[in-house]
Every structure is written in structure tokens, then in C-alpha cells.
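Structure file my_file.txt (compact mmCIF, C-alpha atoms) follows.
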```txt
# COMPACT_ATOMS: atom_id res chain seq x y z
CA MET A 51 140.96 90.40 60.79
CA LYS A 52 142.54 87.03 61.48
CA LYS A 53 145.49 88.80 63.09
CA LEU A 54 143.22 90.85 65.31
CA LYS A 55 141.59 87.65 66.48
CA ILE A 56 144.93 86.54 67.99
CA ILE A 57 144.89 89.60 70.24
CA TRP A 58 141.19 89.23 71.09
CA ASP A 59 141.60 85.53 71.97
CA ALA A 60 144.19 86.37 74.59
CA ILE A 61 142.11 89.19 76.09
CA ILE A 62 138.74 87.56 76.72
CA PRO A 63 138.25 83.90 75.67
CA ASN A 64 141.66 82.75 76.93
CA ASN A 65 142.41 85.47 79.46
CA PRO A 66 145.58 84.27 81.21
CA VAL A 67 144.53 85.41 84.69
CA LEU A 68 140.80 84.77 84.77
CA ILE A 69 140.26 81.74 82.57
CA ILE A 70 143.55 79.88 82.83
CA ALA A 71 144.14 81.18 86.41
CA ILE A 72 147.92 81.58 86.24
CA GLY A 73 150.14 84.44 87.30
CA LEU A 74 147.93 85.14 90.30
CA CYS A 75 150.74 86.03 92.73
CA SER A 76 151.54 89.39 91.21
CA VAL A 77 147.88 90.21 90.53
CA ILE A 78 146.94 89.83 94.19
CA ALA A 79 150.09 91.50 95.47
CA VAL A 80 150.28 94.72 93.45
CA SER A 81 146.57 95.42 92.98
CA ASN A 82 146.28 97.56 96.12
CA SER A 83 147.08 100.77 94.29
CA VAL A 84 146.57 101.94 90.72
CA GLN A 85 150.11 103.30 90.41
CA SER A 86 151.68 99.97 91.32
CA ALA A 87 149.31 98.19 88.95
CA LEU A 88 150.26 100.54 86.09
CA LEU A 89 153.99 100.04 86.67
CA MET A 90 153.52 96.28 86.93
CA THR A 91 151.60 96.21 83.64
CA LEU A 92 154.34 98.27 81.98
CA VAL A 93 157.03 95.90 83.24
CA PHE A 94 154.95 92.91 82.16
CA ALA A 95 154.65 94.42 78.64
CA MET A 96 158.38 95.10 78.48
CA VAL A 97 159.09 91.44 79.24
CA GLN A 98 156.22 89.57 77.59
CA VAL A 99 156.28 91.21 74.14
CA PRO A 100 160.02 91.16 73.34
CA SER A 101 160.63 87.72 74.84
CA ASN A 102 157.79 86.29 72.75
CA VAL A 103 159.31 87.88 69.62
CA ILE A 104 162.88 86.72 70.35
CA ILE A 105 161.85 83.17 71.22
CA SER A 106 159.70 82.96 68.12
CA ALA A 107 162.55 84.25 65.95
CA MET A 108 164.95 81.67 67.42
CA ARG A 109 162.47 78.77 67.47
CA LYS A 110 164.18 76.89 64.63
CA ILE A 111 167.61 76.88 66.30
CA ILE A 112 166.50 76.15 69.88
CA PRO A 113 167.01 72.43 70.57
CA ASN A 114 163.95 70.80 72.07
CA GLU A 115 165.71 69.43 75.17
CA LEU A 116 167.22 72.78 76.10
CA ARG A 117 164.20 74.94 75.41
CA VAL A 118 163.14 75.74 78.98
CA PRO A 119 166.57 77.01 80.17
CA ILE A 120 166.82 79.10 77.01
CA PHE A 121 163.33 80.57 77.52
CA VAL A 122 164.23 81.41 81.09
CA THR A 123 167.49 83.09 80.08
CA VAL A 124 165.75 85.25 77.46
CA ILE A 125 163.00 86.22 79.92
CA ALA A 126 165.57 86.93 82.65
CA ALA A 127 167.45 89.29 80.34
CA PHE A 128 164.33 91.32 79.59
CA THR A 129 163.28 91.29 83.25
CA THR A 130 166.66 92.78 84.18
CA ILE A 131 166.22 95.53 81.58
CA ALA A 132 162.68 96.28 82.75
CA ALA A 133 163.71 96.30 86.43
CA LEU A 134 166.64 98.65 85.84
CA LEU A 135 164.51 100.99 83.69
CA SER A 136 161.72 101.17 86.24
CA GLN A 137 164.28 101.79 88.97
CA ALA A 138 165.64 104.70 86.93
CA TYR A 139 162.32 106.35 86.06
CA PHE A 140 159.78 105.27 88.68
CA ASN A 141 161.96 104.70 91.71
CA ALA A 142 159.34 105.56 94.35
CA ILE A 143 156.86 102.90 93.15
CA TYR A 144 159.68 100.52 92.25
CA GLN A 145 160.85 100.40 95.86
CA ILE A 146 157.37 99.30 97.01
CA ILE A 147 156.86 96.46 94.53
CA LYS A 148 160.53 95.60 93.84
CA LEU A 149 160.16 91.94 94.81
CA TYR A 150 157.25 91.37 92.42
CA ILE A 151 159.03 93.12 89.54
CA LEU A 152 162.08 90.89 89.99
CA LEU A 153 159.80 87.86 90.14
CA VAL A 154 158.29 88.61 86.70
CA VAL A 155 161.08 86.28 85.57
CA VAL A 156 159.19 83.25 86.89
CA ASN A 157 155.75 84.55 85.94
CA CYS A 158 153.80 81.51 84.72
CA ILE A 159 152.05 83.52 81.98
CA ILE A 160 155.27 84.54 80.23
CA ILE A 161 156.90 81.10 80.39
CA GLY A 162 153.57 79.55 79.41
CA ARG A 163 153.21 81.74 76.31
CA ALA A 164 156.81 81.01 75.28
CA GLU A 165 156.22 77.28 75.60
CA ALA A 166 152.69 77.10 74.20
CA TYR A 167 152.70 79.82 71.55
CA ALA A 168 155.96 81.54 70.60
CA TYR A 169 157.88 78.28 70.19
CA HIS A 170 155.43 77.06 67.52
CA ASN A 171 154.34 80.24 65.71
CA GLY A 172 155.72 83.00 63.49
CA VAL A 173 157.23 86.27 64.68
CA VAL A 174 154.27 88.53 63.82
CA ASP A 175 151.73 86.18 65.39
CA SER A 176 153.86 85.90 68.54
CA LEU A 177 154.16 89.69 68.73
CA LEU A 178 150.36 90.01 68.57
CA ASP A 179 149.93 87.20 71.10
CA GLY A 180 152.32 89.00 73.44
CA ILE A 181 150.37 92.25 73.10
CA GLY A 182 147.07 90.45 73.64
CA ASN A 183 148.28 88.69 76.77
CA THR A 184 149.66 91.93 78.16
CA ILE A 185 146.30 93.64 77.63
CA GLY A 186 144.48 90.68 79.15
CA TYR A 187 146.74 90.71 82.20
CA GLY A 188 146.73 94.50 82.54
CA LEU A 189 142.94 94.79 82.28
CA VAL A 190 142.32 92.35 85.12
CA LEU A 191 145.07 93.86 87.28
CA LEU A 192 143.92 97.45 86.71
CA SER A 193 140.24 96.75 87.25
CA ILE A 194 140.98 95.05 90.60
CA ALA A 195 143.33 97.90 91.52
CA VAL A 196 140.72 100.57 90.70
CA VAL A 197 138.12 98.92 92.94
CA ARG A 198 140.58 98.33 95.79
CA GLU A 199 142.06 101.80 95.78
CA LEU A 200 138.73 103.58 95.33
CA VAL A 201 137.03 101.72 98.17
CA GLY A 202 140.10 101.47 100.37
CA LYS A 203 141.42 105.02 100.08
CA GLY A 204 138.82 106.97 98.12
CA SER A 205 141.45 107.92 95.57
CA LEU A 206 142.66 106.83 92.13
CA ALA A 207 146.40 106.80 91.34
CA GLY A 208 146.97 109.09 94.31
CA PHE A 209 144.28 111.68 93.43
CA GLN A 210 141.38 112.07 95.85
CA ILE A 211 138.18 111.15 93.97
CA LEU A 212 135.55 110.58 96.62
CA PRO A 213 134.56 113.51 98.90
CA GLU A 214 136.24 114.04 102.27
CA SER A 215 133.19 112.74 104.11
CA TYR A 216 133.81 109.26 102.65
CA GLN A 217 135.06 106.86 105.33
CA PRO A 218 137.69 104.67 103.59
CA MET A 219 137.41 100.91 104.08
CA LEU A 220 141.02 100.29 105.01
CA LEU A 221 140.69 96.52 104.67
CA MET A 222 140.53 96.83 100.88
CA VAL A 223 144.16 97.94 100.58
CA LEU A 224 145.42 95.28 103.03
CA PRO A 225 146.50 91.79 101.89
CA PRO A 226 143.28 89.84 102.76
CA ALA A 227 141.19 91.87 100.31
CA GLY A 228 143.38 90.59 97.48
CA PHE A 229 142.25 87.06 98.28
CA PHE A 230 138.61 88.13 98.62
CA MET A 231 138.64 89.95 95.26
CA ILE A 232 140.21 86.99 93.44
CA GLY A 233 137.78 84.63 95.20
CA ILE A 234 134.77 86.63 94.07
CA LEU A 235 136.13 86.95 90.51
CA THR A 236 136.90 83.21 90.29
CA GLY A 237 133.44 82.44 91.65
CA ALA A 238 131.82 84.69 89.05
CA ILE A 239 133.81 83.18 86.18
CA GLU A 240 133.21 79.59 87.28
CA THR A 241 129.49 80.21 87.78
CA TYR A 242 129.34 81.80 84.32
CA LEU A 243 131.17 78.84 82.75
CA ARG A 244 128.93 76.34 84.60
CA ASN A 245 125.77 78.06 83.40
CA LYS A 246 127.08 78.31 79.85
CA GLY A 247 127.97 74.59 79.93
CA GLY A 248 124.54 73.72 81.37
CA LYS A 249 122.66 75.36 78.49
CA LYS A 250 124.41 73.35 75.78
CA MET B 73 170.12 93.49 120.50
CA SER B 74 172.20 90.36 120.69
CA TYR B 75 172.89 88.30 117.60
CA ILE B 76 170.79 85.35 118.79
CA ALA B 77 167.80 87.60 119.50
CA ASN B 78 168.19 89.08 116.05
CA LEU B 79 168.09 85.58 114.50
CA ALA B 80 164.95 84.75 116.47
CA LYS B 81 163.37 87.97 115.28
CA ILE B 82 164.18 87.16 111.65
CA PHE B 83 162.72 83.67 112.03
CA VAL B 84 159.46 84.81 113.62
CA SER B 85 158.97 87.73 111.28
CA SER B 86 159.50 85.63 108.16
CA ALA B 87 157.38 82.74 109.42
CA VAL B 88 154.24 84.49 110.67
CA ILE B 89 154.37 88.28 110.42
CA ASN B 90 155.35 88.36 106.76
CA ASN B 91 153.95 84.91 105.98
CA ILE B 92 155.11 84.19 102.46
CA ILE B 93 151.73 82.98 101.20
CA LEU B 94 149.12 84.81 103.21
CA ILE B 95 150.78 88.23 103.42
CA GLN B 96 153.27 88.28 100.52
CA PHE B 97 151.37 86.07 98.04
CA LEU B 98 154.29 84.05 96.69
CA GLY B 99 153.88 80.43 95.67
CA LEU B 100 150.12 80.63 95.26
CA CYS B 101 149.98 78.04 92.48
CA SER B 102 151.11 75.19 94.71
CA TYR B 103 149.14 76.64 97.62
CA ILE B 104 145.84 76.34 95.75
CA GLY B 105 146.84 73.34 93.62
CA LEU B 106 148.27 70.96 96.21
CA THR B 107 146.07 71.51 99.25
CA ASN B 108 143.29 69.10 98.28
CA GLU B 109 144.87 66.49 100.51
CA LEU B 110 146.89 66.83 103.68
CA SER B 111 149.50 64.30 102.51
CA SER B 112 150.43 66.19 99.34
CA ALA B 113 150.51 69.47 101.28
CA THR B 114 153.03 68.08 103.79
CA GLY B 115 155.08 66.36 101.06
CA MET B 116 155.38 69.62 99.14
CA SER B 117 156.23 71.51 102.34
CA TYR B 118 159.14 69.19 103.21
CA ALA B 119 160.50 69.55 99.68
CA VAL B 120 160.16 73.34 99.91
CA ILE B 121 161.93 73.51 103.28
CA PHE B 122 164.88 71.50 101.94
CA VAL B 123 165.22 73.34 98.63
CA THR B 124 164.67 76.83 100.07
CA VAL B 125 167.38 76.49 102.70
CA ALA B 126 169.86 74.87 100.32
CA SER B 127 169.30 77.32 97.49
CA SER B 128 169.45 80.35 99.76
CA ILE B 129 172.92 79.23 100.93
CA LEU B 130 173.94 78.77 97.30
CA ALA B 131 172.52 82.13 96.28
CA TRP B 132 174.20 83.88 99.20
CA VAL B 133 177.60 82.46 98.23
CA ILE B 134 177.17 83.49 94.61
CA ASP B 135 175.85 86.92 95.51
CA ASN B 136 178.55 87.79 98.05
CA TRP B 137 181.59 86.03 96.64
CA ILE B 138 181.07 86.54 92.89
CA LEU B 139 178.43 89.10 91.95
CA ILE B 140 179.09 91.88 94.48
CA PRO B 141 182.95 91.87 94.27
CA THR B 142 182.82 92.03 90.47
CA GLY B 143 180.13 94.72 90.49
CA LEU B 144 177.81 92.64 88.31
CA GLN B 145 174.98 92.34 90.84
CA PRO B 146 172.47 94.79 89.29
CA ALA B 147 172.83 93.38 85.80
CA LEU B 148 173.22 89.66 86.31
CA GLN B 149 171.53 88.83 89.62
CA ILE B 150 168.17 87.71 88.18
CA THR B 151 169.68 85.59 85.41
CA THR B 152 172.27 83.91 87.64
CA PHE B 153 169.85 83.15 90.46
CA ILE B 154 167.24 81.52 88.29
CA LEU B 155 169.71 79.44 86.30
CA VAL B 156 171.63 78.32 89.38
CA ILE B 157 168.49 77.39 91.31
CA GLY B 158 166.95 75.66 88.31
CA SER B 159 170.00 73.51 87.72
CA PHE B 160 170.44 72.90 91.46
CA VAL B 161 166.93 71.46 91.74
CA GLY B 162 167.64 69.29 88.69
CA LEU B 163 170.84 67.98 90.28
CA VAL B 164 169.12 67.27 93.60
CA GLU B 165 166.49 65.29 91.73
CA ILE B 166 169.08 63.15 89.94
CA TYR B 167 171.08 62.61 93.14
CA LEU B 168 168.07 61.62 95.24
CA LYS B 169 166.85 59.21 92.57
CA LYS B 170 170.20 57.41 92.65
CA ALA B 171 171.24 57.69 96.31
CA ILE B 172 168.09 57.78 98.46
CA PRO B 173 165.29 56.23 96.37
CA ASN B 174 162.85 56.21 99.29
CA LEU B 175 163.15 59.92 99.87
CA TYR B 176 162.95 60.48 96.12
CA ARG B 177 159.65 58.61 95.94
CA ALA B 178 158.27 60.71 98.79
CA MET B 179 159.53 64.00 97.41
CA GLY B 180 160.03 63.18 93.74
CA ILE B 181 156.86 64.46 92.14
CA TYR B 182 157.09 67.77 93.95
CA LEU B 183 160.70 68.61 93.08
CA PRO B 184 160.11 69.57 89.42
CA LEU B 185 157.22 71.76 90.56
CA ILE B 186 159.54 73.63 92.89
CA SER B 187 162.03 74.79 90.26
CA THR B 188 159.38 77.04 88.71
CA ASN B 189 157.92 78.11 92.04
CA CYS B 190 158.31 81.83 92.57
CA LEU B 191 158.73 81.25 96.29
CA ILE B 192 162.26 79.82 96.08
CA LEU B 193 163.53 82.66 93.93
CA GLY B 194 161.61 85.15 96.07
CA VAL B 195 163.43 83.99 99.21
CA THR B 196 166.83 84.58 97.61
CA PHE B 197 165.76 88.07 96.52
CA ILE B 198 164.38 88.88 99.97
CA ASN B 199 167.68 87.79 101.58
CA SER B 200 169.70 89.83 99.11
CA MET B 201 167.49 92.94 99.53
CA ASN B 202 167.85 92.87 103.32
CA ASN B 203 171.65 92.34 103.13
CA TYR B 204 171.48 89.33 105.45
CA ASP B 205 174.69 87.50 106.29
CA LEU B 206 174.94 83.74 105.77
CA VAL B 207 173.43 82.64 109.10
CA GLU B 208 170.66 85.24 108.87
CA SER B 209 169.89 84.04 105.34
CA ILE B 210 169.54 80.47 106.54
CA PHE B 211 167.22 81.53 109.38
CA SER B 212 165.16 83.71 107.05
CA ALA B 213 164.87 80.89 104.48
CA PHE B 214 163.93 78.36 107.14
CA GLY B 215 161.39 80.75 108.64
CA ILE B 216 159.78 81.44 105.28
CA ALA B 217 159.60 77.72 104.46
CA PHE B 218 158.12 77.04 107.89
CA GLY B 219 155.51 79.74 107.29
CA TYR B 220 154.75 78.11 103.95
CA MET B 221 154.25 74.76 105.66
CA LEU B 222 151.98 76.38 108.26
CA ALA B 223 149.78 77.95 105.60
CA MET B 224 149.70 74.77 103.47
CA ILE B 225 148.67 72.55 106.38
CA LEU B 226 146.08 75.07 107.62
CA LEU B 227 144.41 75.31 104.23
CA ALA B 228 144.65 71.57 103.54
CA GLY B 229 142.98 70.82 106.89
CA ILE B 230 140.21 73.31 106.23
CA ARG B 231 139.65 72.06 102.69
CA GLN B 232 139.27 68.47 103.89
CA ARG B 233 136.43 69.67 106.12
CA LEU B 234 134.96 71.80 103.33
CA VAL B 235 134.29 68.70 101.24
CA ASN B 236 131.44 67.75 103.57
CA SER B 237 130.12 71.24 104.21
CA ASP B 238 127.45 73.20 102.44
CA VAL B 239 129.28 75.78 100.33
CA PRO B 240 127.18 78.42 98.52
CA GLU B 241 126.71 77.60 94.83
CA PHE B 242 128.61 80.72 93.79
CA PHE B 243 131.80 79.81 95.66
CA LYS B 244 132.04 76.11 94.75
CA GLY B 245 135.46 74.97 93.56
CA LYS B 246 138.56 77.13 93.77
CA ALA B 247 136.73 80.29 94.82
CA ILE B 248 136.04 79.05 98.35
CA ALA B 249 139.75 78.27 98.79
CA PHE B 250 140.52 81.91 98.03
CA MET B 251 137.86 83.17 100.43
CA VAL B 252 139.19 80.89 103.20
CA SER B 253 142.71 82.17 102.47
CA GLY B 254 141.42 85.71 102.79
CA ILE B 255 140.08 84.96 106.27
CA LEU B 256 143.34 83.19 107.20
CA SER B 257 145.26 86.19 105.91
CA LEU B 258 143.08 88.44 108.07
CA ALA B 259 144.06 86.33 111.07
CA PHE B 260 147.76 86.51 110.20
CA LEU B 261 147.44 90.27 109.87
CA GLY B 262 146.95 90.23 113.62
CA PHE B 263 150.60 89.26 114.05
CA SER B 264 151.81 92.52 112.51
CA GLY B 265 153.10 94.91 115.14
CA MET B 266 154.29 91.99 117.26
CA ILE B 267 157.89 93.04 116.53
CA LYS B 268 158.81 96.68 116.20
```
As C-alpha cells:
Amino acid sequence: MKKLKIIWDAIIPNNPVLIIAIGLCSVIAVSNSVQSALLMTLVFAMVQVPSNVIISAMRKIIPNELRVPIFVTVIAAFTTIAALLSQAYFNAIYQIIKLYILLVVVNCIIIGRAEAYAYHNGVVDSLLDGIGNTIGYGLVLLSIAVVRELVGKGSLAGFQILPESYQPMLLMVLPPAGFFMIGILTGAIETYLRNKGGKK
Amino acid sequence: MSYIANLAKIFVSSAVINNIILIQFLGLCSYIGLTNELSSATGMSYAVIFVTVASSILAWVIDNWILIPTGLQPALQITTFILVIGSFVGLVEIYLKKAIPNLYRAMGIYLPLISTNCLILGVTFINSMNNYDLVESIFSAFGIAFGYMLAMILLAGIRQRLVNSDVPEFFKGKAIAFMVSGILSLAFLGFSGMIK
């Protein structure tokens, strides 16, 4: 049960995107279609989980002064693998979000977890933390993507869901809607936290 | 189209049409984090202009003289770029501290923030993806950094006014900054189609 709590902590109470508000760039950029969001989550998982495990396994031999360059090198290696794999298997979507896949290497969430968690904890715990953070990131990304694609195109992952008579709201798949969605989400979370703090 | 016209096109399209923050969403952390005051927004923008242009030259040289001739570009590009840019920013910091202390004091606190900023790395990837030559890379980097400065100063100016205005309870704090950015982004969307 204690192990499961590590995953749960990263999904809701310490959600990297909503609560800590990091890694926003890719969330806003790729959330305009469900397919891009799915590929992005897959790439994120392929980088976050193994780099957490490797860094945790090497934590006793990584010198403190050199830790950030070493973290970055490990993450860059896995990003390269993930980028090449997604180019091989999902080339059509890869071409659209290529820039954001390459930039997973400087994603604040992954570097943050390496620094704050994997460097101080055991291999199994870091593995679970990596999985939890991936789920936390993926859930937020996918839920924004579902709303944006459904309202903006009337489809989900390319399949038409709403009837033909539905007039799509094109704005939702354009860049500004990304800001509006994150603004509304941040507002909701901050209002929730304020009210929760007020009751204490 | 002449070469000069092409350079102008690259500059305008990377500064406003594909504005790095409002349309491409790179470097959002510093965009939201450092726009509380106009002075920190301009300080960060100067540092970004300098580092972006310098590191895109560096990245172009490495990409075209080492990685592409040896055929290592697909496998090693990400790792090389981030390590080179990270150490370059570190070196610049040490050099400025020693040689131009005044500039270091003005720029100093923002330099470490830049090395982890996805914008700098993003610019080098954008240049490499479009196969720009050296001069085009410099213009593209300068255009992107100029667009960054534009967005930073716009938001910082608006946020200084927002302090005294009556924001709905729900949007107090960071949320209103995102909503304002959304409206700014909507305005910048109007530039698309300016260049065919």
C-alpha cells in the first residue's frame, strides 16, 4: 500500500502540471489533438521512467557537483531513443510535434524528478514515482486534448464523434485556446486551494 | 526572391508570425515567472537575445561541420546541443563576472535561468530543421529573441496595470496572466498569412 501511495501522490496531490505548474510548454502546445497528446504521453513515459531508474541506480556514484550535467546526459540519451522510435512508428504525428518531442530533454518535470526524487531514493521507489508522474502528466494533457479536439473539430483521435450538423469552434484547436484552457484550469485549482486553506 | 528579402522574411516570420511564446509556447516558465516587473522582463530579454544568437552560431557550426559530415546527427544531436549550450552559458557567466562586472550584475541572475530554458534549445532545433545557413540562422535566432522580448514587455506592461484593476476572484494570481496571454495570442494570430 505504501508503494501505491508513491504513485497516487504524483497523480493528484502533487500533480506536476496542475499543482506544481511546471512543464506547461508541451501541455499547451500538443493538446490540440488527441493523437498528438497520446504520442507525447508515450514519449514522456519512455523518457521519465527509465531516466528515473537509471539515475536512482547510479545515485551513489554521481558526484554532487556534476549531478545536473549527468542528469541531462541520461535524459538526452532516452529522449533520442524515444524520438527515433516515434519517428519510425508514428511518423505522421511525429512530423507535426517534432519540436516538442525533441524538447522533452529540457522538460522541467523530468529534470525536477531526477533532482528531487530519483537522486535520493531507491530504484523501485523511483520507478513508481516515474510511473506516477507520467500518469499525472498524461491525464492532464489528455483531458485538455479531449475537450479541445471535441469542441474544435467534433472528433476524437481523428474519428468524427459529434453529428455533421455540429458547427466546430475552430478557435479551440488554435494556439490561443491553449492559454485559455490552462488559465481556466489554474484558476480552478487556485480557487480550490484558497477555499481549502480558508476553512482550516 | 533575393537573399536579402529572404532574410527579412525569416526575421519577420520568426518574430511575429511564429512568435516563440504566443504561438509556439516555448519559454513559458520565464514568461509567466519574470513578467511581474518591467525591469526584470527587459533584463531577461537582453540576456536571451545575447545567448540565443551566440548559441545558435555555435550549434550551427557543430551541426554542419561535425555532426552532419560524420553522419551522427540523428543519434547525437540532442545530447550535443544541450551539453554545448549548457556549458557555453556557464562559460559566459564566468567570463562576464571577471571581465565586465557591470554587465554581469545587470544580466547575472538571469543567465543561470537561461541554460534550462527550452527556448534556447528550441531555436537551435528550429534552425536545424529548416536547414538554414549560418546567416539565416543568425537572423532566425535574432528574430525569435526579438519576438520573445516583444511578448515579455507586452505582458509585463499589462500586468503592471492589472495590479490596480478589479480582476474576478476566480482568475486572481497566475490565471489572469494566462488569459491575457490567450488574448495576446489571438492578436498575434492575425499576423498569420502575412507572408505566403
Write out as JSON, numbers by chain every residue belonging to chain B that has an atom at most 10 Å from any atom of chain A, counting all atoms listed in the file.
{"B": [93, 94, 95, 96, 97, 98, 99, 100, 101, 146, 147, 148, 149, 150, 151, 152, 153, 154, 155, 158, 159, 187, 188, 189, 190, 191, 193, 194, 195, 197, 198, 201, 241, 242, 243, 244, 245, 246, 247, 248, 249, 250, 251, 252, 253, 254, 255, 256, 257, 258, 259, 260, 261]}
Edge lengths and centre in Å to one decimal, as JSON, is what I'm after for the box along x, y and z that holds all listed atoms of range 182-191 of chain A once 4 Å is added on each side.
```
{"center_x": 146.0, "center_y": 91.7, "center_z": 80.5, "size_x": 15.3, "size_y": 14.1, "size_z": 21.6}
```
message: Which residues are near Ile194 in chain A? Cut-off 8 Å, all atoms listed in the file, ignore same chain within fewer than 3 positions. Put them as a ChimeraX atom specification.
response: /A:81,190-191,197-198,231
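Distance-wise, CA of Phe214 in chain B and CA of Arg231 in chain B end up 25.5 Å apart.
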To one decimal in Å, tell me the separation between CA of Ala228 in chain B and CA of Arg244 in chain A.
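So the answer is 25.1 Å.
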* What separation in Å, quoted to one decimal, exists between CA of Ile147 in chain A and CA of Gly188 in chain A? ->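 Result for CA of Ile147 in chain A versus CA of Gly188 in chain A: 15.8 Å, one decimal.
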- request: Just the residues within 8 Å of Tyr176 in chain B, please, counting all atoms listed in the file, with nothing from its chain fewer than 5 positions along; format it as a list of chain:residue names.
  value: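 Once the nearby chain positions are removed, what remains is B:Glu165, B:Leu168, B:Lys169.
Residues with at least one atom no more than 10 Å from (161.0, 86.0, 107.5), using all atoms listed in the file, are Leu79, Ala80, Lys81, Ile82, Phe83, Val84, Ser85, Ser86, Ala87, Val88, Ile89, Asn90, Asn91, Ile92, Val195, Ile198, Asn199, Glu208, Ser209, Phe211, Ser212, Ala213, Phe214, Gly215, Ile216, Ala217, Phe218 and Gly219 of chain B.
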**Request:** Name the residues in contact with Val174 in chain A at a cut-off of 10 Å, using all atoms listed in the file, excluding same-chain residues fewer than 3 positions from it; report them as a PyMOL selection string.
**Result:** chain A and resi 53+102-103+106-107+168+171+177-180
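Proximity ranking of A:Ile143, A:Ile112, A:Ile181, A:Leu206 relative to Glu165 in chain A places A:Ile112 first, based on all atoms listed in the file.
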